[in-house]
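input-v2.cif (mmCIF, C-alpha atoms)
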data_structure
#
loop_
_atom_site.label_atom_id
_atom_site.label_comp_id
_atom_site.auth_asym_id
_atom_site.auth_seq_id
_atom_site.Cartn_x
_atom_site.Cartn_y
_atom_site.Cartn_z
CA MET O 146 -53.52 -6.03 159.18
CA LYS O 147 -51.67 -9.25 158.67
CA LEU O 148 -52.46 -11.50 155.82
CA PRO O 149 -53.40 -14.77 157.32
CA ILE O 150 -54.88 -16.94 154.73
CA GLU O 151 -57.34 -19.60 154.33
CA GLN O 152 -60.72 -20.79 153.85
CA ASP O 153 -63.95 -21.56 155.48
CA ARG O 154 -63.27 -24.88 157.06
CA ILE O 155 -61.67 -26.32 160.11
CA GLU O 156 -59.61 -29.45 159.80
CA LYS O 157 -58.03 -31.44 162.60
CA GLN O 158 -56.01 -34.61 162.53
CA ILE O 159 -55.35 -36.71 165.54
CA GLU O 160 -53.61 -40.06 165.93
CA LEU O 161 -55.31 -42.45 168.25
CA LYS O 162 -53.62 -45.43 169.81
CA ALA O 163 -56.59 -47.70 169.23
CA PRO O 164 -57.77 -49.88 166.32
CA VAL O 165 -60.12 -48.44 163.73
CA ALA O 166 -62.95 -50.69 164.94
CA ARG O 167 -62.62 -49.29 168.46
CA VAL O 168 -62.65 -45.69 167.25
CA TRP O 169 -65.60 -46.39 164.97
CA ARG O 170 -67.57 -47.68 167.93
CA ALA O 171 -66.69 -44.64 170.01
CA LEU O 172 -67.87 -42.41 167.17
CA THR O 173 -71.07 -44.13 166.18
CA ASP O 174 -72.45 -45.95 169.21
CA HIS O 175 -74.65 -43.19 170.52
CA ARG O 176 -73.88 -43.94 174.18
CA GLU O 177 -70.16 -43.93 173.60
CA PHE O 178 -70.40 -40.83 171.46
CA GLY O 179 -72.33 -39.14 174.23
CA GLU O 180 -69.67 -40.03 176.75
CA TRP O 181 -66.80 -38.19 175.08
CA PHE O 182 -68.79 -35.54 173.28
CA GLY O 183 -70.67 -34.62 176.41
CA VAL O 184 -74.24 -35.21 175.34
CA ASN O 185 -77.05 -37.47 176.44
CA LEU O 186 -78.53 -38.83 173.21
CA GLU O 187 -82.05 -40.14 172.86
CA GLY O 188 -81.26 -42.95 170.43
CA PRO O 189 -78.90 -44.45 167.83
CA PHE O 190 -77.63 -42.57 164.80
CA VAL O 191 -79.61 -43.20 161.61
CA PRO O 192 -78.55 -41.65 158.29
CA GLY O 193 -80.96 -38.97 157.14
CA GLN O 194 -82.57 -38.75 160.57
CA PRO O 195 -82.24 -36.11 163.24
CA SER O 196 -80.37 -37.03 166.38
CA LEU O 197 -81.59 -35.32 169.52
CA GLY O 198 -80.19 -34.97 172.99
CA GLN O 199 -79.17 -32.83 175.89
CA MET O 200 -75.66 -31.50 176.40
CA THR O 201 -73.91 -32.66 179.54
CA ILE O 202 -70.59 -30.80 179.51
CA PRO O 203 -70.25 -28.40 182.42
CA GLY O 204 -71.22 -24.97 181.27
CA TYR O 205 -73.30 -26.26 178.37
CA GLU O 206 -75.91 -28.28 180.28
CA HIS O 207 -78.76 -26.21 179.00
CA GLY O 208 -77.79 -26.78 175.42
CA LYS O 209 -79.87 -28.99 173.21
CA TRP O 210 -78.15 -31.28 170.78
CA ARG O 211 -79.79 -31.50 167.42
CA VAL O 212 -78.01 -32.68 164.31
CA ILE O 213 -79.02 -34.44 161.12
CA VAL O 214 -77.03 -37.61 160.59
CA GLN O 215 -75.66 -37.74 157.05
CA ARG O 216 -73.43 -40.72 156.41
CA LEU O 217 -72.42 -43.84 158.28
CA GLU O 218 -69.88 -45.76 156.19
CA PRO O 219 -68.52 -48.42 158.53
CA GLU O 220 -65.00 -47.73 159.77
CA ARG O 221 -64.54 -44.98 157.19
CA LEU O 222 -66.83 -42.03 157.50
CA PHE O 223 -69.34 -40.62 159.94
CA SER O 224 -70.90 -37.24 159.20
CA PHE O 225 -73.66 -34.96 160.34
CA THR O 226 -74.85 -31.42 159.80
CA TRP O 227 -75.48 -29.03 162.65
CA HIS O 228 -75.35 -25.44 163.75
CA PRO O 229 -71.98 -25.09 165.40
CA TYR O 230 -72.30 -24.41 169.09
CA ALA O 231 -75.75 -23.02 168.59
CA ILE O 232 -76.58 -23.24 172.23
CA ASP O 233 -78.42 -20.04 172.88
CA GLN O 234 -81.80 -21.43 173.78
CA GLU O 235 -83.70 -18.27 173.09
CA LYS O 236 -82.65 -18.11 169.50
CA ASP O 237 -84.00 -20.02 166.60
CA TYR O 238 -81.18 -21.40 164.50
CA SER O 239 -83.26 -23.28 162.00
CA ASN O 240 -82.92 -20.57 159.36
CA GLU O 241 -79.19 -20.57 159.53
CA THR O 242 -77.13 -22.58 157.14
CA PRO O 243 -75.77 -25.65 158.88
CA THR O 244 -72.17 -26.72 158.73
CA LEU O 245 -71.07 -30.24 157.83
CA VAL O 246 -69.01 -32.22 160.33
CA GLU O 247 -67.11 -35.23 159.03
CA PHE O 248 -65.06 -37.81 160.88
CA ARG O 249 -62.82 -39.86 158.59
CA LEU O 250 -60.92 -42.87 159.79
CA GLU O 251 -57.75 -44.40 158.38
CA ARG O 252 -55.72 -47.24 159.70
CA LYS O 253 -52.27 -46.19 160.71
CA GLY O 254 -50.08 -49.00 161.94
CA GLU O 255 -51.79 -50.39 164.99
CA GLY O 256 -53.69 -47.19 165.51
CA THR O 257 -56.06 -44.86 163.76
CA LEU O 258 -55.68 -41.53 162.07
CA LEU O 259 -58.80 -39.49 162.63
CA THR O 260 -59.47 -36.48 160.42
CA LEU O 261 -62.18 -34.14 161.50
CA THR O 262 -63.45 -31.44 159.19
CA GLU O 263 -66.14 -28.89 159.74
CA SER O 264 -67.02 -27.00 156.59
CA GLY O 265 -69.56 -24.61 155.18
CA PHE O 266 -69.03 -21.60 157.42
CA SER O 267 -69.38 -19.47 154.37
CA LYS O 268 -70.96 -20.23 151.08
CA ILE O 269 -68.00 -18.92 149.22
CA PRO O 270 -66.91 -21.48 146.64
CA ALA O 271 -63.49 -22.96 147.17
CA GLU O 272 -61.91 -21.14 144.26
CA ARG O 273 -62.84 -17.80 145.72
CA ARG O 274 -61.65 -18.31 149.23
CA LEU O 275 -60.06 -15.28 150.65
CA GLU O 276 -56.74 -15.29 152.31
CA ALA O 277 -57.95 -13.15 155.14
CA PHE O 278 -60.28 -15.77 156.53
CA ARG O 279 -57.55 -18.09 157.41
CA MET O 280 -56.20 -18.40 160.83
CA ASN O 281 -52.61 -17.50 160.73
CA ASP O 282 -49.92 -20.09 161.09
CA ARG O 283 -48.92 -18.86 164.48
CA GLY O 284 -52.46 -19.44 165.66
CA TRP O 285 -52.47 -23.00 164.47
CA ALA O 286 -49.11 -23.73 166.03
CA ARG O 287 -50.38 -22.41 169.34
CA GLN O 288 -53.46 -24.60 169.14
CA MET O 289 -51.42 -27.69 168.50
CA GLU O 290 -49.44 -26.91 171.65
CA ASP O 291 -52.71 -26.49 173.49
CA ILE O 292 -53.91 -29.94 172.49
CA ALA O 293 -50.62 -31.50 173.46
CA SER O 294 -50.60 -29.94 176.89
CA HIS O 295 -54.27 -30.68 177.41
CA VAL O 296 -53.85 -34.34 176.54
CA GLU O 297 -50.82 -34.58 178.79
CA GLN O 298 -52.67 -33.03 181.65
CA THR O 299 -55.75 -35.15 181.33
CA SER O 300 -54.19 -38.51 180.51
CA MET J 175 -53.17 -22.66 181.21
CA SER J 176 -54.40 -24.02 177.97
CA SER J 177 -56.96 -26.44 179.30
CA LYS J 178 -58.43 -23.78 181.51
CA ARG J 179 -58.80 -21.38 178.66
CA ALA J 180 -60.15 -24.00 176.30
CA ARG J 181 -62.72 -25.12 178.83
CA GLY J 182 -64.07 -21.69 179.56
CA VAL J 183 -67.58 -21.29 178.31
CA ALA J 184 -67.24 -19.19 175.25
CA THR J 185 -70.19 -17.20 174.11
CA PRO J 186 -71.03 -18.70 170.78
CA ARG J 187 -70.86 -16.20 168.03
CA ARG J 188 -73.54 -16.66 165.56
CA LEU J 189 -72.96 -17.43 161.99
CA ARG J 190 -75.89 -15.31 160.94
CA GLN J 191 -74.08 -12.09 161.67
CA PHE J 192 -71.47 -13.10 159.12
CA VAL J 193 -73.91 -13.87 156.34
CA PRO J 194 -73.97 -10.34 154.86
CA ILE J 195 -70.20 -10.23 155.03
CA PHE J 196 -69.79 -13.52 153.22
CA ALA J 197 -72.42 -12.43 150.71
CA ALA J 198 -70.56 -9.21 150.00
CA LEU J 199 -67.39 -11.20 149.45
CA SER J 200 -68.89 -13.82 147.21
CA ASP J 201 -67.89 -11.86 144.17
CA GLU J 202 -64.48 -12.02 142.61
CA THR J 203 -64.13 -8.30 142.04
CA ARG J 204 -65.02 -7.46 145.61
CA LEU J 205 -62.79 -10.16 146.97
CA SER J 206 -59.86 -8.80 145.03
CA LEU J 207 -60.74 -5.29 146.22
CA VAL J 208 -60.55 -6.43 149.82
CA THR J 209 -57.29 -8.20 149.12
CA ARG J 210 -55.88 -4.98 147.67
CA LEU J 211 -57.04 -2.87 150.59
CA ILE J 212 -55.80 -5.29 153.19
CA ASP J 213 -52.50 -3.41 153.51
CA GLY J 214 -54.44 -0.68 155.29
CA PHE J 215 -53.78 2.14 152.84
CA PRO J 216 -56.80 4.18 151.72
CA ARG J 217 -57.28 4.44 147.97
CA SER J 218 -59.42 6.51 145.68
CA ILE J 219 -61.76 5.08 143.07
CA SER J 220 -59.35 6.27 140.37
CA GLN J 221 -56.51 4.38 141.99
CA LEU J 222 -58.62 1.28 142.33
CA THR J 223 -59.83 1.35 138.74
CA ALA J 224 -56.47 2.32 137.23
CA ASP J 225 -55.16 -1.17 136.65
CA SER J 226 -58.41 -3.03 136.25
CA LYS J 227 -60.88 -3.46 133.46
CA ILE J 228 -63.75 -2.29 135.58
CA THR J 229 -65.43 0.99 134.92
CA ARG J 230 -65.54 3.69 137.51
CA GLN J 231 -69.26 3.26 137.83
CA ALA J 232 -69.04 -0.48 138.42
CA MET J 233 -66.25 0.04 140.91
CA THR J 234 -68.38 2.52 142.85
CA LYS J 235 -71.15 -0.04 143.05
CA HIS J 236 -68.84 -2.74 144.36
CA LEU J 237 -67.41 -0.37 146.94
CA ARG J 238 -70.90 0.51 148.14
CA VAL J 239 -71.72 -3.15 148.64
CA LEU J 240 -68.57 -3.60 150.70
CA GLU J 241 -69.34 -0.43 152.61
CA ASN J 242 -72.87 -1.61 153.43
CA ALA J 243 -71.47 -4.87 154.76
CA GLY J 244 -69.12 -2.88 156.99
CA LEU J 245 -66.01 -4.13 155.24
CA VAL J 246 -64.91 -0.85 153.75
CA ARG J 247 -65.06 2.72 154.93
CA GLY J 248 -65.20 5.65 152.56
CA GLU J 249 -64.02 9.09 153.59
CA THR J 250 -64.09 12.21 151.56
CA ALA J 251 -60.69 13.81 151.23
CA GLY J 252 -60.80 16.96 149.15
CA ARG J 253 -62.52 16.16 145.88
CA GLU J 254 -62.09 12.45 146.12
CA CYS J 255 -63.45 9.77 148.33
CA LEU J 256 -60.84 7.48 149.79
CA PHE J 257 -61.74 3.91 150.66
CA GLU J 258 -60.07 1.85 153.29
CA LEU J 259 -60.59 -1.59 154.73
CA GLU J 260 -62.43 -2.01 157.98
CA PRO J 261 -60.62 -5.05 159.37
CA ARG J 262 -62.94 -5.81 162.28
CA PRO J 263 -65.50 -8.02 160.49
CA LEU J 264 -62.73 -10.19 159.09
CA GLU J 265 -61.13 -10.43 162.49
CA GLU J 266 -64.44 -11.44 164.02
CA ILE J 267 -64.84 -14.24 161.52
CA ARG J 268 -61.34 -15.39 162.26
CA ASP J 269 -61.97 -15.28 166.01
CA TYR J 270 -65.17 -17.24 165.56
CA LEU J 271 -63.45 -19.99 163.62
CA ASP J 272 -60.66 -19.94 166.16
CA GLN J 273 -63.18 -20.56 168.91
CA VAL J 274 -64.91 -23.41 167.10
CA SER J 275 -61.50 -24.87 166.38
CA LYS J 276 -60.52 -24.80 170.06
CA GLN J 277 -63.76 -26.50 171.03
CA TRP J 278 -62.91 -29.34 168.70
CA ASP J 279 -59.45 -29.69 170.24
CA VAL J 280 -60.98 -30.16 173.64
CA THR J 281 -63.68 -32.52 172.39
CA LEU J 282 -61.26 -34.67 170.41
CA SER J 283 -58.93 -34.94 173.36
CA ARG J 284 -61.78 -36.50 175.31
CA LEU J 285 -62.33 -39.00 172.49
CA LYS J 286 -58.63 -39.83 172.56
CA LYS J 287 -58.75 -40.45 176.26
CA LEU J 288 -61.75 -42.76 175.91
CA VAL J 289 -60.47 -44.95 173.08
CA GLU J 290 -56.94 -45.21 174.45
CA SER J 291 -57.94 -46.22 177.94
#
Can you give me the file's structure in the form of structure tokens?
Amino acid sequence: MKLPIEQDRIEKQIELKAPVARVWRALTDHREFGEWFGVNLEGPFVPGQPSLGQMTIPGYEHGKWRVIVQRLEPERLFSFTWHPYAIDQEKDYSNETPTLVEFRLERKGEGTLLTLTESGFSKIPAERRLEAFRMNDRGWARQMEDIASHVEQTS
Amino acid sequence: MSSKRARGVATPRRLRQFVPIFAALSDETRLSLVTRLIDGFPRSISQLTADSKITRQAMTKHLRVLENAGLVRGETAGRECLFELEPRPLEEIRDYLDQVSKQWDVTLSRLKKLVES
């Protein structure tokens, strides 16, 4: 078995050709969020409160959206906890440990650098992370190609 | 090809099935055991304890925990039991994270499209 390394988190960075204020609105206005995320939300995001809704992406329409909003720091950080893709309606996910999703914004020239992290897949402390959990480098490279071709196809 | 694959409805794997695996690994000794066995070669308890400060008895306990979590397989060979890594659980975790990661790629590309239009 190969020795791909890493950790228990997913991190993505994407450069957006739009000002930070525009990206912030798309992230935190619940209607705009719903538009790109593919969910019909019942109301605005409020820190510490659950956010409920119904998924709208084809294939996931029966999925319920339920997250707990954590932080809303204007134009810097938006975060929530959830159960990643916990869309099997017959199962109860409430006993499972949620993961933390964070969107961080940074100005970059005229645009915005968005860093997404999802963490907490394991409860293994950082200093004990095992190499084997990591996706190998080849895998990441392939995914980056996937995004590029997807964006090209859809834009 | 990529967008088609990324859009396919993936059956979500559930984190719960990984809990015992993560629990078994949340111990430095066991983590290092897995790291040693990751080359695929079976080893006896004597071999595994030879260059560590752990007693044979403690090592046996750790191996049992890994075995119960499905991470290690012990097979008796002659007078000794040889332990080898069962790579599947680790691969499943990796596949799961891979899947979640792909979902984010697709989702973020929709955000990009919205804010850049």
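Take the candidates O:Phe182, O:Trp227, O:Ser264, O:Gln158 and check each one against Gln277 (chain J) using all atoms listed in the file; the shortest distance goes to O:Phe182.
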Test item: the PyMOL selection byres ((chain J) within 8 of (chain O)) resolved as a ChimeraX atom specification: /J:176-177,183,186,188-190,193,196-197,199-202,205,209,212-214,261,264,267-268,271-272,274-276,279-290
Take the point (-72.3, -38.2, 155.1) in the file's coordinates, draw a sphere of radius 6 Å around it, and report as a ChimeraX atom specification every protein, DNA or RNA residue with an atom inside or on it, counting only C-alpha atoms. /O:215-216,224
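Compared by their closest atoms to Ala198 (chain J), and using only C-alpha atoms, the residues J:Glu249, J:Glu266, J:Glu258, J:Glu241 rank with J:Glu241 nearest.
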One number please: CA of Lys209 (chain O) to CA of Val191 (chain O), in Å, one decimal. 18.3 Å
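Reported to one decimal place, the separation of CA of Arg262 (chain J) from CA of Asp225 (chain J) is 27.2 Å.
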Here CA of Leu211 (chain J) and CA of Asp269 (chain J) stand apart by 20.4 Å
Once the PyMOL selection byres ((chain O and resi 198) around 10) has been applied to the shown file, what residues remain in the selection, as a short mmCIF file (atom, residue, chain, number, x, y, z; two decimals) with C-alpha atoms, in the frame of the given file?
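Generated file (part-v5.cif):
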data_model
loop_
_atom_site.label_atom_id
_atom_site.label_comp_id
_atom_site.auth_asym_id
_atom_site.auth_seq_id
_atom_site.Cartn_x
_atom_site.Cartn_y
_atom_site.Cartn_z
CA GLY O 179 -72.33 -39.14 174.23
CA VAL O 184 -74.24 -35.21 175.34
CA ASN O 185 -77.05 -37.47 176.44
CA LEU O 186 -78.53 -38.83 173.21
CA GLU O 187 -82.05 -40.14 172.86
CA GLY O 188 -81.26 -42.95 170.43
CA SER O 196 -80.37 -37.03 166.38
CA LEU O 197 -81.59 -35.32 169.52
CA GLN O 199 -79.17 -32.83 175.89
CA MET O 200 -75.66 -31.50 176.40
CA THR O 201 -73.91 -32.66 179.54
CA GLY O 208 -77.79 -26.78 175.42
CA LYS O 209 -79.87 -28.99 173.21
CA TRP O 210 -78.15 -31.28 170.78
CA ARG O 211 -79.79 -31.50 167.42
CA VAL O 212 -78.01 -32.68 164.31
#
